[in-house]
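Shown next: run-v1.txt, containing compact mmCIF, C-alpha atoms and all ligand atoms.
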# COMPACT_ATOMS: atom_id res chain seq x y z
CA MET S 1 0.00 0.00 0.00
CA ILE S 2 1.29 3.50 -0.92
CA LYS S 3 1.07 6.00 1.86
CA ASP S 4 -0.71 9.25 1.07
CA THR S 5 2.37 11.55 1.27
CA PRO S 6 3.40 14.52 -0.94
CA GLN S 7 5.79 13.51 -3.75
CA LEU S 8 8.43 15.92 -5.11
CA LEU S 9 8.35 16.26 -8.89
CA ASP S 10 11.67 16.69 -10.67
CA SER S 11 10.10 17.80 -13.93
CA TYR S 12 10.59 21.50 -13.03
CA ARG S 13 14.30 20.95 -13.72
CA LEU S 14 13.48 20.56 -17.42
CA ILE S 15 12.49 24.22 -17.55
CA GLU S 16 16.20 25.06 -17.46
CA TYR S 17 16.58 23.31 -20.83
CA THR S 18 14.10 25.64 -22.54
CA LYS S 19 16.46 28.59 -22.01
CA HIS S 20 19.14 28.77 -24.70
CA VAL S 21 22.63 30.09 -24.05
CA PRO S 22 24.15 31.65 -27.21
CA CYS S 23 27.63 30.46 -28.18
CA TYR S 24 30.12 33.34 -28.03
CA ILE S 25 31.73 32.30 -31.31
CA CYS S 26 28.84 31.35 -33.64
CA GLY S 27 25.87 32.81 -31.72
CA GLU S 28 23.78 29.60 -31.95
CA GLY S 29 21.75 28.44 -28.93
CA ASN S 30 22.91 25.68 -26.58
CA THR S 31 21.56 24.15 -23.38
CA PHE S 32 22.81 25.72 -20.15
CA ASP S 33 24.91 22.66 -19.23
CA ALA S 34 26.60 22.15 -22.64
CA GLU S 35 30.37 21.98 -22.41
CA LEU S 36 30.99 22.56 -26.13
CA CYS S 37 28.80 24.38 -28.64
CA ARG S 38 26.83 21.76 -30.58
CA HIS S 39 27.16 23.80 -33.78
CA CYS S 40 30.82 24.85 -33.84
CA GLN S 41 32.42 22.93 -30.90
CA ALA S 42 33.83 26.05 -29.26
CA PRO S 43 33.93 25.79 -25.43
CA MET S 44 30.76 27.18 -23.86
CA ALA S 45 32.89 28.41 -20.94
CA LEU S 46 33.76 31.38 -23.19
CA SER S 47 30.07 32.38 -23.30
CA HIS S 48 29.52 31.91 -19.56
CA GLN S 49 32.66 33.90 -18.72
CA SER S 50 31.90 36.71 -21.17
CA HIS S 51 28.31 37.06 -19.85
CA SER S 52 29.66 37.59 -16.36
CA GLN S 53 31.86 40.52 -17.49
CA LYS S 54 30.98 44.12 -18.16
CA VAL S 55 33.23 44.40 -21.23
CA ALA S 56 32.66 41.97 -24.13
CA PRO S 57 35.89 40.13 -25.01
CA GLN S 58 37.54 40.88 -28.34
CA MET S 59 39.03 38.11 -30.45
CA ILE S 60 42.41 37.92 -32.16
CA GLY S 61 43.20 35.33 -34.81
CA CYS S 62 46.60 33.64 -34.95
CA ILE S 63 46.45 32.10 -38.39
CA GLY S 64 48.68 30.42 -40.93
CA VAL S 65 49.21 27.18 -42.80
CA SER S 66 49.97 23.94 -40.88
CA GLY S 67 53.52 23.83 -39.51
CA VAL S 68 54.05 27.61 -39.67
CA GLY S 69 54.54 27.78 -35.88
CA LYS S 70 51.19 28.95 -34.44
CA THR S 71 51.20 26.67 -31.39
CA VAL S 72 54.83 27.45 -30.54
CA TYR S 73 54.22 31.19 -31.01
CA LEU S 74 51.03 31.41 -28.91
CA GLY S 75 52.40 29.19 -26.14
CA MET S 76 55.61 31.21 -25.92
CA LEU S 77 53.80 34.57 -26.14
CA LEU S 78 51.60 33.74 -23.15
CA ASP S 79 54.51 32.32 -21.22
CA ILE S 80 56.60 35.47 -21.75
CA LEU S 81 53.72 37.83 -20.93
CA SER S 82 52.87 35.96 -17.74
CA ARG S 83 56.51 36.22 -16.63
CA GLN S 84 56.93 39.93 -17.49
CA PRO S 85 54.17 41.68 -15.54
CA ASP S 86 55.83 45.11 -16.07
CA ARG S 87 55.47 45.00 -19.84
CA MET S 88 51.83 43.95 -20.31
CA PRO S 89 50.20 42.28 -17.29
CA ILE S 90 48.08 39.31 -18.28
CA LEU S 91 45.55 37.27 -16.34
CA ALA S 92 44.28 33.93 -17.68
CA ARG S 93 40.54 33.36 -17.36
CA GLY S 94 39.78 29.72 -16.69
CA ALA S 95 42.19 26.81 -16.30
CA PHE S 96 41.75 25.89 -19.99
CA SER S 97 43.45 29.18 -20.92
CA ILE S 98 46.73 28.02 -19.37
CA ALA S 99 46.87 24.65 -21.18
CA ILE S 100 48.74 25.81 -24.32
CA GLN S 101 51.30 27.83 -22.34
CA HIS S 102 51.90 24.90 -19.98
CA ALA S 103 52.17 22.28 -22.75
CA THR S 104 54.41 24.38 -25.03
CA SER S 105 56.85 25.59 -22.37
CA SER S 106 57.26 22.15 -20.82
CA MET S 107 57.86 20.53 -24.22
CA LEU S 108 60.38 23.18 -25.31
CA SER S 109 62.23 22.81 -22.01
CA ARG S 110 62.52 19.06 -22.77
CA CYS S 111 63.97 19.96 -26.20
CA GLU S 112 60.82 18.94 -28.09
CA PHE S 113 58.38 20.84 -30.28
CA PRO S 114 54.63 20.47 -29.62
CA GLU S 115 52.50 18.02 -31.60
CA LYS S 116 50.54 19.14 -34.65
CA THR S 117 47.18 20.62 -33.58
CA PRO S 118 44.31 18.17 -34.33
CA SER S 119 41.84 19.36 -36.95
CA GLU S 120 38.78 18.69 -34.71
CA PRO S 121 37.72 22.06 -33.16
CA ASP S 122 36.84 20.39 -29.82
CA ARG S 123 40.54 19.55 -29.39
CA TRP S 124 41.90 23.08 -29.97
CA ASN S 125 43.26 25.11 -27.12
CA TRP S 126 41.34 28.30 -26.44
CA ILE S 127 42.80 31.19 -24.51
CA HIS S 128 40.65 33.71 -22.68
CA CYS S 129 42.66 36.33 -20.85
CA GLN S 130 42.62 39.84 -19.51
CA LEU S 131 45.38 42.24 -20.56
CA ARG S 132 46.23 45.44 -18.78
CA PRO S 133 48.38 47.48 -21.18
CA THR S 134 50.24 50.07 -19.09
CA HIS S 135 49.14 53.06 -21.22
CA ARG S 136 45.42 52.15 -21.18
CA ARG S 137 42.93 52.93 -18.47
CA ARG S 138 40.70 49.95 -19.15
CA PRO S 139 41.79 46.32 -19.35
CA VAL S 140 41.31 44.42 -22.62
CA GLU S 141 39.49 41.07 -22.58
CA LEU S 142 40.84 38.77 -25.28
CA ILE S 143 39.95 35.38 -26.77
CA MET S 144 42.53 33.60 -28.96
CA PRO S 145 42.21 30.00 -30.12
CA ASP S 146 45.07 27.85 -31.40
CA VAL S 147 43.41 26.85 -34.66
CA ALA S 148 44.71 23.86 -36.66
CA GLY S 149 46.37 24.96 -39.90
CA GLU S 150 44.66 22.10 -41.77
CA SER S 151 41.17 23.27 -40.79
CA LEU S 152 42.05 26.82 -41.78
CA VAL S 153 43.27 25.75 -45.23
CA GLU S 154 40.15 23.61 -45.68
CA GLU S 155 37.84 26.52 -44.82
CA VAL S 156 39.73 28.97 -47.04
CA ASP S 157 39.71 26.55 -49.98
CA HIS S 158 36.13 25.34 -49.39
CA PRO S 159 34.18 28.03 -47.48
CA TYR S 160 31.63 26.82 -44.85
CA THR S 161 33.39 23.46 -44.23
CA TYR S 162 34.54 24.72 -40.80
CA PRO S 163 31.80 27.02 -39.43
CA VAL S 164 33.83 27.70 -36.31
CA VAL S 165 36.70 29.15 -38.37
CA ARG S 166 34.36 31.36 -40.39
CA SER S 167 32.38 32.64 -37.39
CA PHE S 168 35.54 33.27 -35.42
CA LEU S 169 37.36 35.13 -38.21
CA SER S 170 34.24 37.21 -38.97
CA LYS S 171 34.18 38.42 -35.37
CA CYS S 172 37.92 38.91 -34.84
CA SER S 173 39.14 42.43 -34.11
CA GLY S 174 42.56 41.77 -35.60
CA ALA S 175 44.87 39.01 -36.80
CA LEU S 176 48.42 37.76 -36.60
CA VAL S 177 49.09 36.13 -39.97
CA LEU S 178 52.06 33.79 -39.61
CA VAL S 179 54.37 33.05 -42.55
CA ASP S 180 57.25 30.54 -42.44
CA SER S 181 60.44 32.48 -43.26
CA THR S 182 62.58 29.34 -43.69
CA LYS S 183 60.37 28.08 -46.51
CA LEU S 184 60.51 31.47 -48.24
CA HIS S 185 64.24 31.66 -48.06
CA GLY S 186 64.48 28.45 -50.02
CA GLY S 187 62.75 30.19 -52.94
CA ALA S 188 59.38 28.37 -52.69
CA HIS S 189 56.24 30.46 -53.27
CA ASP S 190 53.70 28.30 -51.34
CA GLN S 191 53.79 30.51 -48.25
CA ASP S 192 53.18 33.62 -50.35
CA TYR S 193 50.25 32.01 -52.17
CA PHE S 194 48.64 30.76 -48.98
CA GLY S 195 49.13 34.12 -47.26
CA MET S 196 47.42 35.80 -50.21
CA LYS S 197 44.52 33.31 -50.08
CA LEU S 198 44.09 33.90 -46.37
CA LEU S 199 44.15 37.69 -46.70
CA SER S 200 41.68 37.56 -49.60
CA TYR S 201 39.39 35.31 -47.54
CA LEU S 202 39.48 37.82 -44.66
CA ASN S 203 38.80 40.66 -47.05
CA GLU S 204 35.64 39.01 -48.36
CA LEU S 205 34.18 38.16 -44.94
CA ASP S 206 32.54 41.51 -44.26
CA ALA S 207 31.30 43.92 -46.92
CA ASP S 208 30.60 46.79 -44.48
CA ALA S 209 33.33 49.37 -45.20
CA LYS S 210 33.39 50.60 -41.58
CA LYS S 211 33.81 47.15 -39.98
CA SER S 212 35.48 45.12 -42.71
CA TRP S 213 38.93 43.61 -42.49
CA ALA S 214 40.25 46.55 -44.50
CA VAL S 215 40.16 48.63 -41.30
CA ARG S 216 41.08 45.91 -38.77
CA PRO S 217 44.77 45.60 -37.80
CA VAL S 218 46.72 42.78 -39.42
CA SER S 219 50.23 41.87 -38.36
CA ILE S 220 52.22 39.69 -40.75
CA VAL S 221 54.72 37.67 -38.68
CA PHE S 222 57.65 35.87 -40.29
CA THR S 223 58.19 32.88 -37.97
CA LYS S 224 61.36 30.80 -37.40
CA ALA S 225 63.43 33.92 -38.12
CA ASP S 226 66.14 32.40 -35.89
CA GLU S 227 67.07 30.47 -39.04
CA CYS S 228 66.86 33.48 -41.31
CA GLU S 229 68.72 36.47 -39.86
CA ASP S 230 68.04 38.98 -42.71
CA CYS S 231 64.35 38.69 -41.88
CA PHE S 232 65.05 40.21 -38.43
CA ASP S 233 67.15 43.01 -39.93
CA ASN S 234 64.36 44.43 -42.07
CA PRO S 235 61.00 42.59 -42.18
CA ASP S 236 59.55 45.06 -44.72
CA ALA S 237 62.40 44.54 -47.18
CA PHE S 238 62.18 40.78 -46.59
CA ALA S 239 58.44 40.86 -47.35
CA LYS S 240 58.94 42.88 -50.54
CA ALA S 241 61.63 40.49 -51.75
CA HIS S 242 60.15 37.11 -50.71
CA THR S 243 56.38 37.59 -50.41
CA PRO S 244 55.55 40.18 -53.11
CA GLY S 245 51.95 38.93 -53.30
CA ILE S 246 51.29 39.41 -49.58
CA TRP S 247 53.07 42.78 -49.61
CA GLN S 248 51.02 44.08 -52.54
CA LEU S 249 47.70 42.86 -51.07
CA CYS S 250 48.48 44.47 -47.72
CA GLN S 251 49.33 47.82 -49.32
CA GLU S 252 46.14 47.87 -51.37
CA ARG S 253 43.50 46.27 -49.16
CA PHE S 254 44.55 46.63 -45.50
CA LYS S 255 44.83 50.08 -43.97
CA LYS S 256 46.48 48.92 -40.73
CA CYS S 257 49.19 46.44 -41.56
CA SER S 258 52.67 45.78 -40.26
CA PHE S 259 55.46 43.25 -40.87
CA HIS S 260 57.42 41.56 -38.06
CA ALA S 261 59.94 38.76 -37.56
CA CYS S 262 60.03 36.34 -34.64
CA GLY S 263 61.87 33.24 -33.53
CA VAL S 264 61.41 30.99 -30.52
CA ALA S 265 64.14 28.38 -30.87
CA GLY S 266 67.74 29.53 -30.68
CA GLY S 267 68.90 26.63 -32.83
CA CYS S 268 67.47 23.36 -34.12
CA ALA S 269 68.81 19.92 -34.97
CA TYR S 270 67.47 16.63 -36.30
CA GLN S 271 67.11 13.64 -33.99
CA GLN S 272 66.77 10.10 -35.32
CA GLU S 273 63.67 8.39 -33.87
CA TYR S 274 62.99 4.86 -35.15
CA ASN S 275 62.66 5.33 -38.91
CA SER S 276 62.12 9.08 -38.97
CA ARG S 277 64.11 12.23 -38.34
CA VAL S 278 62.46 14.61 -35.89
CA ARG S 279 63.30 18.32 -35.65
CA VAL S 280 64.15 19.35 -32.09
CA PRO S 281 64.96 22.76 -30.55
CA LEU S 282 68.44 22.94 -29.05
CA ARG S 283 67.56 25.85 -26.81
CA VAL S 284 64.79 28.38 -26.26
CA GLU S 285 65.79 31.91 -27.28
CA PRO S 286 62.64 33.93 -28.01
CA ARG S 287 63.10 37.06 -30.15
CA GLY S 288 60.44 39.40 -31.49
CA VAL S 289 57.58 37.42 -29.93
CA ILE S 290 55.80 40.21 -28.04
CA GLU S 291 56.26 43.04 -30.60
CA PRO S 292 53.68 41.94 -33.22
CA PHE S 293 51.13 41.25 -30.48
CA GLU S 294 51.79 44.60 -28.78
CA TRP S 295 51.42 46.39 -32.12
CA LEU S 296 48.06 44.67 -32.64
CA VAL S 297 46.71 45.30 -29.13
CA ASP S 298 47.61 49.01 -29.45
CA ARG S 299 45.38 49.25 -32.52
CA LEU S 300 42.35 47.26 -31.32
N1 LIG R 401 63.61 27.15 -35.99
C1 LIG R 401 62.38 27.23 -35.50
N2 LIG R 401 61.48 26.27 -35.79
C2 LIG R 401 60.23 26.39 -35.29
C3 LIG R 401 59.84 27.51 -34.49
N3 LIG R 401 58.54 27.37 -34.16
C4 LIG R 401 58.11 26.23 -34.73
N4 LIG R 401 59.13 25.62 -35.41
C5 LIG R 401 59.04 24.38 -36.23
O1 LIG R 401 57.77 24.35 -36.85
C6 LIG R 401 57.08 23.16 -36.48
C7 LIG R 401 55.60 23.41 -36.39
O2 LIG R 401 55.30 24.28 -35.30
P1 LIG R 401 53.83 24.36 -34.69
O3 LIG R 401 53.79 25.48 -33.73
O4 LIG R 401 53.38 23.04 -34.22
O5 LIG R 401 53.01 24.73 -36.02
P2 LIG R 401 51.45 25.01 -36.16
O6 LIG R 401 51.31 26.22 -37.02
O7 LIG R 401 50.80 25.04 -34.83
O8 LIG R 401 50.97 23.74 -37.02
P3 LIG R 401 49.49 23.04 -36.96
O9 LIG R 401 49.23 22.69 -35.56
O10 LIG R 401 49.63 21.84 -37.86
O11 LIG R 401 48.54 24.04 -37.54
C8 LIG R 401 57.72 22.70 -35.17
O12 LIG R 401 57.57 21.32 -34.99
C9 LIG R 401 59.16 23.11 -35.39
O13 LIG R 401 59.84 22.13 -36.17
C10 LIG R 401 60.84 28.51 -34.20
O14 LIG R 401 60.61 29.52 -33.53
N5 LIG R 401 62.08 28.31 -34.74
MG MG R 402 49.43 23.88 -33.90
ZN ZN R 403 29.17 27.87 -31.57

Encoded form (structure tokens):
Amino acid sequence: MIKDTPQLLDSYRLIEYTKHVPCYICGEGNTFDAELCRHCQAPMALSHQSHSQKVAPQMIGCIGVSGVGKTVYLGMLLDILSRQPDRMPILARGAFSIAIQHATSSMLSRCEFPEKTPSEPDRWNWIHCQLRPTHRRRPVELIMPDVAGESLVEEVDHPYTYPVVRSFLSKCSGALVLVDSTKLHGGAHDQDYFGMKLLSYLNELDADAKKSWAVRPVSIVFTKADECEDCFDNPDAFAKAHTPGIWQLCQERFKKCSFHACGVAGGCAYQQEYNSRVRVPLRVEPRGVIEPFEWLVDRL
């Protein structure tokens, strides 16, 4: 026999699921307890964190073909900034924002380079941080993902294959476009062609003259310049000589554009592992890592 006692109904909990939380990257609705956006796989923590702040975070793209050095650059940039509080104090928001810095610096200190970034967006590292540039009154909230070069190339070549890349780049306030200086020095034109494709893709994302990429700051960064000293001496002259396509496009279509050189490893060597030769850093000697980022943040 069932006693005549009041029973608690749990169905009221379902009401929570009728409210949709918009994804910060693509704007599509998700349930309140979703960890990743079901449309673009960006972490929903970005949305929850940005809703709790007065200032909406801005986004910066660190883009370039696979193997150009995006993961090494971003990991080292955050590591340097977090160790130099006098230059540009930085505060990571959420434990996930420290993952790339932790992984990259510990691998470099073991004389290894990080693994290639997987092409699945749910496996990318996302960084959400607060910057306090010394000459600004207000802090800057920033979101920067470590996008896989393969996904980027796929989206540029076949638009709409990676919605997360498209939504993210449409909303970015500026971009660091990475170009491999070692490949250029050898006389190959692939890096120039891909840089041009990427810049053209950005240019076509927004037709509004006031908000388009033509007026957003773009910093072209020649990576691995530790192996290509003349790139450090004069990045503009290097760009004119080795990436004429990128140089021309920047002059004609981007109002705020600058060329920089950077290097993280102070020397590299090949190590034999089973049947393959693996490139390893001999030491960590970062040069020109903060400058392109500082230039960009000043113009946001
Ligand atoms: N000499 C030198 N080599 C570097 C430097 N940074 C990266 N490399 C080399 O470039 C390779 C690729 O670097 P990543 O940072 O993984 O490149 P990525 O752009 O993130 O590539 P994806 O994850 O495939 O998109 C490394 O394995 C190193 O061999 C650098 O500062 N100097
Ligand atoms: Mg990577
Ligand atoms: Zn989304």

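Using only C-alpha atoms and all ligand atoms for every distance, the candidate list S:Asp157, S:Glu273, S:Asp122, S:Glu204 yields S:Asp122 as the residue closest to ligand ZN 403 (chain R).
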
List every residue of range 198-231 of chain S that has an atom at most 8 Å from any atom of range 51-75 of chain S, giving for each one its closest atom pair and the distance in Å to one decimal, counting only C-alpha atoms, sorted by chain and then by ascending residue number, as a Markdown table.
| residue | atom | partner | partner_atom | distance |
| --- | --- | --- | --- | --- |
| S:Leu198 | CA | S:Gly64 | CA | 7.9 |
| S:Thr223 | CA | S:Gly69 | CA | 6.6 |
| S:Lys224 | CA | S:Gly69 | CA | 7.6 |

Open item on the list: Could you tell me how far CA of Glu115 in chain S sits from CA of Ile290 in chain S, in Å to one decimal place?
Closed with: 22.7 Å

Task: Within 7 Å of ligand ZN 403 (chain R), counting all atoms listed in the file, residues as a ChimeraX atom specification - done: /S:23-28,37-42,164

TODO: Dump the neighbourhood of ligand LIG 401 (chain R) as an NGL selection string: all residues within 9 Å, distances computed on all atoms listed in the file.
DONE: :S and (63-75 or 104 or 112-119 or 146-152 or 178 or 180 or 182 or 223-228 or 262-269 or 278-281 or 284-287)

Open item on the list: as an MDAnalysis selection string, please: the residues near Ser97 in chain S (cut-off 10 Å, only C-alpha atoms, same-chain neighbours under 4 positions excluded).
Closed with: chainID S and resid 78 91:93 101:102 125:129 143:145

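CA of Pro139 in chain S is positioned 27.4 Å from CA of Ala209 in chain S.
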
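With only C-alpha atoms and all ligand atoms as the basis for measurement, S:Ala103 is the residue among S:Ala175, S:Ala103, S:Leu81, S:Cys231 that approaches ligand MG 402 (chain R) most closely.
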
Open item on the list: Around the point (38.8, 30.9, -46.2) (coordinates from the file), which residues reach within 12 Å if we count all atoms listed in the file? Answer as a ChimeraX atom specification.
Closed with: /S:63-65,149-170,194-205

Give me, as an mmCIF file with C-alpha atoms, in the frame of the given file, all polymer residues having an atom no more than 12 Å from Gln251 in chain S, counting all atoms listed in the file and skipping those fewer than 4 positions away in the same chain.
data_model
loop_
_atom_site.group_PDB
_atom_site.id
_atom_site.type_symbol
_atom_site.label_atom_id
_atom_site.label_comp_id
_atom_site.auth_asym_id
_atom_site.auth_seq_id
_atom_site.Cartn_x
_atom_site.Cartn_y
_atom_site.Cartn_z
ATOM 1 C CA LEU S 199 44.150 37.690 -46.700
ATOM 2 C CA ALA S 214 40.250 46.550 -44.500
ATOM 3 C CA VAL S 218 46.720 42.780 -39.420
ATOM 4 C CA ASP S 236 59.550 45.060 -44.720
ATOM 5 C CA ALA S 239 58.440 40.860 -47.350
ATOM 6 C CA LYS S 240 58.940 42.880 -50.540
ATOM 7 C CA PRO S 244 55.550 40.180 -53.110
ATOM 8 C CA GLY S 245 51.950 38.930 -53.300
ATOM 9 C CA ILE S 246 51.290 39.410 -49.580
ATOM 10 C CA TRP S 247 53.070 42.780 -49.610
ATOM 11 C CA LYS S 255 44.830 50.080 -43.970
ATOM 12 C CA LYS S 256 46.480 48.920 -40.730
ATOM 13 C CA CYS S 257 49.190 46.440 -41.560
ATOM 14 C CA SER S 258 52.670 45.780 -40.260
ATOM 15 C CA PHE S 259 55.460 43.250 -40.870
#

Using N, CA and C atoms, give me range 110-122 of chain S from the structure I just pasted, as a PDB file, in the first residue's frame.
ATOM      1  N   ARG S 110      62.017  20.440 -22.613  1.00  0.00           N
ATOM      2  CA  ARG S 110      62.521  19.058 -22.774  1.00  0.00           C
ATOM      3  C   ARG S 110      63.149  18.874 -24.156  1.00  0.00           C
ATOM      4  N   CYS S 111      63.412  19.991 -24.847  1.00  0.00           N
ATOM      5  CA  CYS S 111      63.968  19.963 -26.204  1.00  0.00           C
ATOM      6  C   CYS S 111      63.064  19.202 -27.171  1.00  0.00           C
ATOM      7  N   GLU S 112      61.774  19.525 -27.126  1.00  0.00           N
ATOM      8  CA  GLU S 112      60.823  18.938 -28.085  1.00  0.00           C
ATOM      9  C   GLU S 112      59.909  20.058 -28.568  1.00  0.00           C
ATOM     10  N   PHE S 113      59.391  19.909 -29.790  1.00  0.00           N
ATOM     11  CA  PHE S 113      58.380  20.838 -30.282  1.00  0.00           C
ATOM     12  C   PHE S 113      57.004  20.230 -30.020  1.00  0.00           C
ATOM     13  N   PRO S 114      55.957  21.054 -29.856  1.00  0.00           N
ATOM     14  CA  PRO S 114      54.625  20.473 -29.617  1.00  0.00           C
ATOM     15  C   PRO S 114      54.115  19.682 -30.823  1.00  0.00           C
ATOM     16  N   GLU S 115      53.136  18.830 -30.546  1.00  0.00           N
ATOM     17  CA  GLU S 115      52.502  18.022 -31.601  1.00  0.00           C
ATOM     18  C   GLU S 115      51.696  18.932 -32.511  1.00  0.00           C
ATOM     19  N   LYS S 116      51.433  18.440 -33.705  1.00  0.00           N
ATOM     20  CA  LYS S 116      50.538  19.145 -34.652  1.00  0.00           C
ATOM     21  C   LYS S 116      49.151  19.282 -34.017  1.00  0.00           C
ATOM     22  N   THR S 117      48.509  20.420 -34.180  1.00  0.00           N
ATOM     23  CA  THR S 117      47.175  20.623 -33.582  1.00  0.00           C
ATOM     24  C   THR S 117      46.138  19.794 -34.340  1.00  0.00           C
ATOM     25  N   PRO S 118      45.317  18.992 -33.631  1.00  0.00           N
ATOM     26  CA  PRO S 118      44.313  18.174 -34.327  1.00  0.00           C
ATOM     27  C   PRO S 118      43.297  19.049 -35.056  1.00  0.00           C
ATOM     28  N   SER S 119      42.758  18.524 -36.150  1.00  0.00           N
ATOM     29  CA  SER S 119      41.838  19.356 -36.953  1.00  0.00           C
ATOM     30  C   SER S 119      40.441  19.466 -36.337  1.00  0.00           C
ATOM     31  N   GLU S 120      40.107  18.617 -35.330  1.00  0.00           N
ATOM     32  CA  GLU S 120      38.775  18.694 -34.710  1.00  0.00           C
ATOM     33  C   GLU S 120      38.722  19.910 -33.769  1.00  0.00           C
ATOM     34  N   PRO S 121      37.763  20.826 -33.981  1.00  0.00           N
ATOM     35  CA  PRO S 121      37.716  22.055 -33.161  1.00  0.00           C
ATOM     36  C   PRO S 121      37.594  21.785 -31.658  1.00  0.00           C
ATOM     37  N   ASP S 122      36.984  20.641 -31.261  1.00  0.00           N
ATOM     38  CA  ASP S 122      36.842  20.390 -29.818  1.00  0.00           C
ATOM     39  C   ASP S 122      38.181  20.055 -29.173  1.00  0.00           C
TER      40      ASP S 122
END
